[in-house]
>>> print(open('final_11.txt').read())   # compact mmCIF, C-alpha atoms and all ligand atoms
# COMPACT_ATOMS: atom_id res chain seq x y z
CA MET A 906 -12.11 -2.72 -7.68
CA LYS A 907 -10.21 -5.99 -7.66
CA GLU A 908 -7.09 -4.27 -6.31
CA ARG A 909 -9.13 -2.46 -3.62
CA LEU A 910 -10.70 -5.73 -2.48
CA LYS A 911 -7.29 -7.37 -2.45
CA LYS A 912 -5.89 -4.51 -0.35
CA PHE A 913 -8.80 -4.73 2.08
CA LEU A 914 -8.46 -8.52 2.48
CA LYS A 915 -4.72 -8.09 3.02
CA SER A 916 -5.34 -5.39 5.65
CA ILE A 917 -7.47 -7.77 7.72
CA GLY A 918 -5.00 -10.60 7.20
CA ILE A 919 -7.13 -13.07 5.26
CA TYR A 920 -6.05 -12.53 1.65
CA HIS A 921 -3.33 -15.20 1.59
CA PRO A 922 -5.32 -17.82 3.58
CA LEU A 923 -8.26 -17.30 1.17
CA GLN A 924 -5.99 -17.55 -1.86
CA SER A 925 -4.44 -20.68 -0.40
CA SER A 926 -7.84 -22.36 0.26
CA TYR A 927 -8.97 -21.50 -3.26
CA ARG A 928 -5.83 -23.06 -4.72
CA ASN A 929 -6.21 -26.13 -2.51
CA SER A 930 -9.78 -26.65 -3.73
CA LEU A 931 -8.62 -26.32 -7.33
CA SER A 932 -5.79 -28.78 -6.84
CA PHE A 933 -8.12 -31.26 -5.14
CA LEU A 934 -10.45 -31.20 -8.17
CA ARG A 935 -7.53 -31.33 -10.58
CA ASN A 936 -6.03 -34.28 -8.75
CA LEU A 937 -9.32 -36.15 -8.81
CA THR A 938 -9.67 -35.56 -12.56
CA TYR A 939 -6.11 -36.73 -13.26
CA ARG A 940 -6.49 -39.85 -11.14
CA ILE A 941 -9.57 -40.85 -13.09
CA THR A 942 -8.24 -39.85 -16.52
CA TYR A 943 -4.78 -41.35 -16.08
CA ASN A 944 -5.99 -44.64 -14.67
CA LYS A 945 -5.66 -46.14 -18.14
CA TYR A 946 -1.96 -45.14 -18.29
CA LYS A 947 -0.98 -47.07 -15.18
CA GLY A 948 2.03 -49.25 -15.81
CA SER A 949 5.72 -48.75 -16.47
CA GLY A 950 7.54 -45.67 -17.71
CA PHE A 951 7.59 -43.29 -14.77
CA VAL A 952 7.42 -43.75 -11.01
CA CYS A 953 6.62 -41.02 -8.51
CA ASN A 954 9.31 -40.93 -5.83
CA PHE A 955 6.80 -39.50 -3.32
CA CYS A 956 3.77 -41.79 -3.62
CA GLY A 957 5.27 -44.72 -5.57
CA ALA A 958 2.57 -44.70 -8.26
CA ALA A 959 3.73 -45.88 -11.72
CA TYR A 960 2.34 -44.58 -15.01
CA GLN A 961 3.28 -44.71 -18.67
CA LYS A 962 3.07 -40.92 -18.70
CA PHE A 963 2.65 -38.10 -16.21
CA VAL A 964 0.48 -35.01 -16.60
CA PRO A 965 2.01 -32.39 -18.91
CA GLU A 966 2.15 -28.66 -18.23
CA TYR A 967 2.94 -26.12 -20.91
CA PRO A 968 3.49 -22.38 -20.58
CA SER A 969 0.31 -20.31 -21.01
CA PRO A 970 0.11 -17.97 -24.05
CA ASP A 971 1.12 -14.88 -22.04
CA ILE A 972 4.44 -16.43 -20.95
CA GLU A 973 5.07 -18.85 -23.80
CA HIS A 974 7.42 -16.58 -25.74
CA ALA A 975 9.58 -15.75 -22.70
CA ILE A 976 9.97 -19.42 -21.80
CA ASN A 977 10.41 -20.91 -25.26
CA SER A 978 12.48 -18.26 -27.03
CA ASN A 979 14.95 -18.17 -24.11
CA ASN A 980 15.02 -21.98 -23.66
CA VAL A 981 14.19 -21.58 -19.98
CA ILE A 982 14.31 -24.74 -17.89
CA ALA A 983 11.37 -23.88 -15.66
CA GLY A 984 9.60 -27.19 -15.13
CA TYR A 985 7.32 -27.21 -18.19
CA GLY A 986 7.03 -30.21 -20.46
CA GLU A 987 5.48 -33.56 -21.26
CA ASN A 988 5.59 -35.21 -17.83
CA VAL A 989 5.23 -32.73 -15.00
CA PHE A 990 2.62 -33.70 -12.37
CA CYS A 991 2.23 -37.14 -10.81
CA PRO A 992 -1.34 -38.15 -11.73
CA ASN A 993 -1.76 -39.77 -8.33
CA CYS A 994 -0.44 -37.25 -5.78
CA LEU A 995 0.12 -34.17 -7.96
CA SER A 996 3.78 -33.81 -6.99
CA LYS A 997 5.64 -31.59 -9.45
CA ASN A 998 8.87 -32.44 -11.29
CA ARG A 999 10.87 -29.82 -9.42
CA GLU A 1000 9.83 -31.33 -6.06
CA ARG A 1001 10.73 -34.83 -7.24
CA LEU A 1002 14.13 -33.55 -8.38
CA LEU A 1003 14.88 -32.13 -4.93
CA LYS A 1004 13.86 -35.37 -3.25
CA ASP A 1005 16.23 -37.26 -5.55
CA VAL A 1006 19.08 -34.84 -4.82
CA ILE A 1007 18.46 -35.16 -1.07
CA ASP A 1008 18.17 -38.96 -1.20
CA HIS A 1009 21.30 -39.40 -3.32
CA PHE A 1010 23.64 -36.61 -2.29
CA LEU A 1011 22.71 -35.48 1.23
CA GLU A 1012 22.16 -36.84 4.70
CA ILE A 1013 19.13 -35.17 6.27
CA ARG A 1014 18.32 -37.35 9.26
CA ASN A 1015 18.17 -35.10 12.37
CA LYS A 1016 19.67 -32.22 10.41
CA LYS A 1017 18.43 -28.65 10.79
CA VAL A 1018 16.83 -27.56 7.53
CA LEU A 1019 15.60 -24.16 6.34
CA HIS A 1020 12.94 -24.61 3.65
CA PHE A 1021 11.82 -21.49 1.79
CA SER A 1022 8.25 -21.41 0.42
CA PRO A 1023 7.72 -25.10 1.26
CA GLU A 1024 6.40 -27.42 -1.42
CA LYS A 1025 3.82 -29.75 0.09
CA HIS A 1026 5.21 -33.17 -0.75
CA LEU A 1027 8.81 -32.22 -0.10
CA TYR A 1028 7.97 -30.65 3.26
CA ARG A 1029 5.98 -33.69 4.39
CA TYR A 1030 8.82 -35.99 3.39
CA LEU A 1031 11.47 -33.91 5.17
CA LYS A 1032 9.60 -33.32 8.40
CA THR A 1033 9.55 -37.03 9.20
CA GLN A 1034 13.35 -37.06 9.30
CA ALA A 1035 14.75 -33.59 9.85
CA ASN A 1036 14.28 -30.59 12.11
CA ILE A 1037 12.70 -28.29 9.57
CA VAL A 1038 11.95 -24.56 9.70
CA THR A 1039 9.79 -23.08 6.93
CA ILE A 1040 9.70 -19.45 5.93
CA ASP A 1041 8.12 -17.15 3.35
CA ILE A 1042 7.51 -13.46 2.76
CA SER A 1043 3.76 -14.31 2.57
CA PRO A 1044 3.49 -17.13 5.14
CA GLY A 1045 -0.33 -17.15 5.06
CA PHE A 1046 -0.12 -18.73 1.65
CA TYR A 1047 1.61 -21.83 3.11
CA LYS A 1048 -0.29 -22.25 6.41
CA THR A 1049 -2.13 -25.31 5.13
CA ILE A 1050 1.23 -26.99 4.45
CA ASP A 1051 2.96 -25.94 7.68
CA PRO A 1052 0.88 -24.02 10.24
CA ALA A 1053 4.12 -23.07 12.01
CA ILE A 1054 5.63 -21.33 8.96
CA LEU A 1055 7.45 -18.09 9.83
CA TYR A 1056 7.38 -14.74 8.13
CA GLY A 1057 10.80 -14.01 6.72
CA ASP A 1058 12.55 -11.85 4.19
CA ALA A 1059 15.36 -13.71 2.43
CA THR A 1060 17.40 -10.48 2.17
CA SER A 1061 17.34 -10.05 5.95
CA LEU A 1062 16.94 -13.37 7.73
CA GLN A 1063 16.09 -13.46 11.43
CA PHE A 1064 18.40 -16.40 12.19
CA GLU A 1065 21.81 -16.48 13.82
CA ASP A 1066 24.90 -17.14 11.71
CA GLN A 1067 25.40 -20.86 10.96
CA SER A 1068 21.92 -21.95 12.04
CA PHE A 1069 21.22 -24.59 9.38
CA ASP A 1070 22.82 -27.73 7.98
CA ILE A 1071 20.73 -27.58 4.81
CA VAL A 1072 18.93 -24.72 3.06
CA LEU A 1073 16.38 -25.39 0.32
CA ALA A 1074 15.75 -22.45 -1.99
CA ASN A 1075 13.79 -24.02 -4.83
CA HIS A 1076 12.75 -21.36 -7.36
CA ILE A 1077 13.05 -18.44 -4.92
CA LEU A 1078 15.81 -16.15 -6.09
CA GLU A 1079 14.22 -15.19 -9.42
CA HIS A 1080 11.48 -13.40 -7.41
CA ILE A 1081 13.82 -11.28 -5.30
CA PRO A 1082 14.99 -7.85 -6.56
CA GLU A 1083 18.12 -7.90 -4.37
CA ASP A 1084 19.11 -11.47 -5.13
CA LEU A 1085 22.78 -11.01 -4.20
CA LYS A 1086 21.74 -9.86 -0.73
CA ALA A 1087 19.51 -12.96 -0.37
CA MET A 1088 22.36 -15.23 -1.52
CA LYS A 1089 24.66 -13.68 1.11
CA GLU A 1090 22.00 -14.20 3.80
CA ILE A 1091 21.55 -17.85 2.85
CA LEU A 1092 25.32 -18.29 3.04
CA ARG A 1093 25.43 -16.55 6.44
CA VAL A 1094 22.85 -18.86 8.06
CA LEU A 1095 24.46 -21.98 6.56
CA ARG A 1096 26.77 -23.99 8.83
CA ASN A 1097 30.39 -24.32 7.78
CA ASP A 1098 29.80 -27.91 6.68
CA GLY A 1099 26.29 -27.18 5.38
CA VAL A 1100 24.87 -27.29 1.87
CA ALA A 1101 22.24 -25.23 0.08
CA ILE A 1102 20.21 -26.52 -2.86
CA LEU A 1103 19.73 -23.42 -4.97
CA GLN A 1104 17.44 -24.13 -7.91
CA ALA A 1105 15.97 -21.43 -10.16
CA PRO A 1106 14.52 -21.31 -13.64
CA TRP A 1107 17.47 -20.58 -15.93
CA SER A 1108 18.43 -20.41 -19.53
CA GLU A 1109 21.39 -22.17 -21.04
CA SER A 1110 21.16 -20.08 -24.21
CA LEU A 1111 20.95 -16.53 -22.85
CA PRO A 1112 24.43 -14.98 -22.83
CA ALA A 1113 23.53 -12.89 -19.78
CA THR A 1114 20.73 -12.62 -17.22
CA ILE A 1115 17.85 -10.42 -18.35
CA GLU A 1116 16.25 -8.49 -15.52
CA ASP A 1117 14.59 -5.42 -14.16
CA PRO A 1118 14.54 -5.84 -10.38
CA TYR A 1119 12.11 -2.95 -9.76
CA ILE A 1120 9.73 -3.59 -12.65
CA ALA A 1121 6.50 -4.03 -10.55
CA ASP A 1122 4.30 -4.64 -13.61
CA PRO A 1123 2.88 -8.21 -13.46
CA GLU A 1124 1.76 -8.34 -17.09
CA LYS A 1125 5.10 -7.16 -18.36
CA GLN A 1126 6.91 -9.53 -15.97
CA ALA A 1127 4.90 -12.46 -17.36
CA ARG A 1128 5.71 -11.41 -20.92
CA LEU A 1129 9.42 -10.78 -20.32
CA TYR A 1130 10.37 -13.22 -17.58
CA GLY A 1131 7.78 -15.98 -17.82
CA GLN A 1132 5.88 -15.40 -14.58
CA LYS A 1133 4.03 -12.38 -13.25
CA ASP A 1134 6.11 -12.21 -10.07
CA HIS A 1135 9.55 -12.93 -11.54
CA VAL A 1136 11.99 -10.07 -11.97
CA ARG A 1137 14.50 -11.87 -14.18
CA ILE A 1138 15.52 -14.88 -16.24
CA TYR A 1139 18.96 -16.04 -15.19
CA SER A 1140 21.51 -17.26 -17.63
CA LEU A 1141 22.86 -20.39 -15.93
CA ASN A 1142 26.49 -19.20 -16.11
CA ASP A 1143 25.63 -15.83 -14.64
CA TYR A 1144 23.52 -17.45 -11.92
CA VAL A 1145 26.48 -19.53 -10.77
CA ALA A 1146 28.77 -16.48 -11.05
CA ARG A 1147 26.42 -14.51 -8.79
CA LEU A 1148 26.44 -17.27 -6.17
CA ARG A 1149 30.23 -17.21 -6.26
CA ALA A 1150 30.23 -13.41 -5.98
CA ALA A 1151 28.05 -13.83 -2.88
CA GLY A 1152 30.74 -16.09 -1.40
CA PHE A 1153 29.43 -19.57 -2.22
CA LYS A 1154 31.55 -22.42 -3.45
CA THR A 1155 29.35 -24.15 -5.99
CA LYS A 1156 28.88 -27.58 -7.43
CA VAL A 1157 26.90 -27.79 -10.66
CA ILE A 1158 25.55 -31.26 -11.40
CA PRO A 1159 24.68 -31.54 -15.10
CA CYS A 1160 21.70 -33.43 -16.45
CA GLU A 1161 23.80 -36.39 -17.65
CA SER A 1162 24.54 -37.22 -14.01
CA LEU A 1163 20.82 -37.05 -13.28
CA GLU A 1164 20.06 -39.82 -15.77
CA GLN A 1165 19.30 -42.14 -12.86
CA PHE A 1166 16.48 -39.77 -11.82
CA LYS A 1167 14.73 -39.78 -15.21
CA ILE A 1168 12.40 -42.56 -14.07
CA HIS A 1169 10.93 -39.96 -11.69
CA ALA A 1170 9.93 -37.74 -14.63
CA ILE A 1171 12.51 -35.02 -14.03
CA GLN A 1172 12.61 -32.30 -16.68
CA GLU A 1173 14.96 -32.83 -19.62
CA ARG A 1174 18.17 -30.74 -19.44
CA GLU A 1175 17.69 -30.05 -15.73
CA VAL A 1176 20.78 -29.10 -13.75
CA VAL A 1177 21.33 -29.08 -9.97
CA VAL A 1178 23.20 -26.24 -8.28
CA LEU A 1179 24.58 -26.81 -4.79
CA GLY A 1180 26.16 -24.08 -2.68
CA TYR A 1181 28.76 -24.52 0.10
CA LYS A 1182 30.80 -22.28 2.37
ZN ZN B 1 2.91 -39.23 -6.72
>>> encode(input="final_11.txt", output="structure tokens")
Amino acid sequence: MKERLKKFLKSIGIYHPLQSSYRNSLSFLRNLTYRITYNKYKGSGFVCNFCGAAYQKFVPEYPSPDIEHAINSNNVIAGYGENVFCPNCLSKNRERLLKDVIDHFLEIRNKKVLHFSPEKHLYRYLKTQANIVTIDISPGFYKTIDPAILYGDATSLQFEDQSFDIVLANHILEHIPEDLKAMKEILRVLRNDGVAILQAPWSESLPATIEDPYIADPEKQARLYGQKDHVRIYSLNDYVARLRAAGFKTKVIPCESLEQFKIHAIQEREVVVLGYK
């Protein structure tokens, strides 16, 4: 019944907008609750690099029971932990990390940026400075963030070669069965002097990536890969090797170099992966 309703809503084009409004209402209520609850923790410790609010602690997020084993037993760096959401604006640690990387390592003013599956705070920050194009395979889901978002399949992008100075693919590739094809497409649309920020959830302890690209079983995907729409957990080494196989030159910035970002409540052991031509 649920699947039939979903199919019907999709057929008339309102499933993703409805899902998006529902999520927005939830996040509004959640934000309100956090603001009230965390008021007593205002002070020093962490500062949000989007809204500037300072708190002794941020809002934690832990893996739910159905994904807990996949995340914890494989030591996946996926954004969970003690200090995840800003209690004031609800920005997430992985958005704050990208803002730090952009602010410290890149020049974005007037640059042409391709932003996959745009995160709200990051998109709003970028659009004030750069010429930004957003894209997703289910654009309806992101219409409230950017009404101009385009439909696009990362394995077959509609853009000319060398269209973008910067590409942001923040937790995208672990969803895509043909990830190598998507990596090659990202490289193709990147300008010769461009840079791609290519974050994914990865494991430092897995000797190899575990995956089943054509699994199509959300419950099993949650249990094995830590999210119902993920098709793999990358081992960090293999992830970088795949980017190189796709033709990228890579720069891996380890967590020690990100020490300066810790004030923004970035996840422990986080690593940044940049891709170049
Ligand atoms: Zn904030």
>>> closest_atom_pairs(input="final_11.txt", of="chain A", to="ligand ZN 1 (chain B)", cutoff="6 Å", atoms="all atoms listed in the file", output="Markdown table")
| residue | atom | partner | partner_atom | distance |
| --- | --- | --- | --- | --- |
| A:Cys953 | CA | B:ZN1 | ZN | 4.5 |
| A:Phe955 | CA | B:ZN1 | ZN | 5.2 |
| A:Cys956 | CA | B:ZN1 | ZN | 4.1 |
| A:Ala958 | CA | B:ZN1 | ZN | 5.7 |
| A:Cys991 | CA | B:ZN1 | ZN | 4.6 |
| A:Asn993 | CA | B:ZN1 | ZN | 5.0 |
| A:Cys994 | CA | B:ZN1 | ZN | 4.0 |
| A:Leu995 | CA | B:ZN1 | ZN | 5.9 |
| A:Ser996 | CA | B:ZN1 | ZN | 5.5 |
>>> closest_residue(input="final_11.txt", among="A:Phe1069, A:Phe963, A:Tyr1030, A:Phe933", to="A:Lys945", atoms="only C-alpha atoms")
A:Phe963
>>> residues_near_point(input="final_11.txt", point="(19.9, -17.2, -5.1)", cutoff="6 Å", atoms="only C-alpha atoms", output="ChimeraX atom specification")
/A:1078,1084,1088
>>> write_last_selection(input="final_11.txt", atoms="C-alpha atoms", output="short mmCIF file (atom, residue, chain, number, x, y, z; two decimals), in the frame of the given file")
data_model
loop_
_atom_site.label_atom_id
_atom_site.label_comp_id
_atom_site.auth_asym_id
_atom_site.auth_seq_id
_atom_site.Cartn_x
_atom_site.Cartn_y
_atom_site.Cartn_z
CA LEU A 1078 15.81 -16.15 -6.09
CA ASP A 1084 19.11 -11.47 -5.13
CA MET A 1088 22.36 -15.23 -1.52
#
>>> closest_residue(input="final_11.txt", among="A:Asn979, A:Asn1097, A:Thr1033, A:Asn1015", to="A:Leu1141", atoms="all atoms listed in the file")
A:Asn979
>>> closest_residue(input="final_11.txt", among="A:Arg1093, A:Pro1082, A:Ile1040, A:Phe913", to="A:Glu1065", atoms="only C-alpha atoms")
A:Arg1093
>>> atom_distance(input="final_11.txt", atom1="atom CA of A:Pro968", atom2="atom CA of A:Leu1111")
18.6 Å
>>> atom_distance(input="final_11.txt", atom1="atom CA of A:Val952", atom2="atom CA of A:Ile1168")
6.0 Å
>>> atom_distance(input="final_11.txt", atom1="atom CA of A:Ile1120", atom2="atom CA of A:Ile1081")
11.4 Å
>>> closest_residue(input="final_11.txt", among="A:Asn988, A:Asn980, A:Ser949, A:Thr1039", to="A:Pro1052", atoms="all atoms listed in the file")
A:Thr1039
>>> closest_residue(input="final_11.txt", among="A:Leu1031, A:Val1018, A:Ala1101, A:Val1136", to="A:Glu1124", atoms="all atoms listed in the file")
A:Val1136
>>> closest_residue(input="final_11.txt", among="A:Ser1061, A:Thr1114, A:Ser1022, A:Ser1068", to="A:Gly1045", atoms="only C-alpha atoms")
A:Ser1022
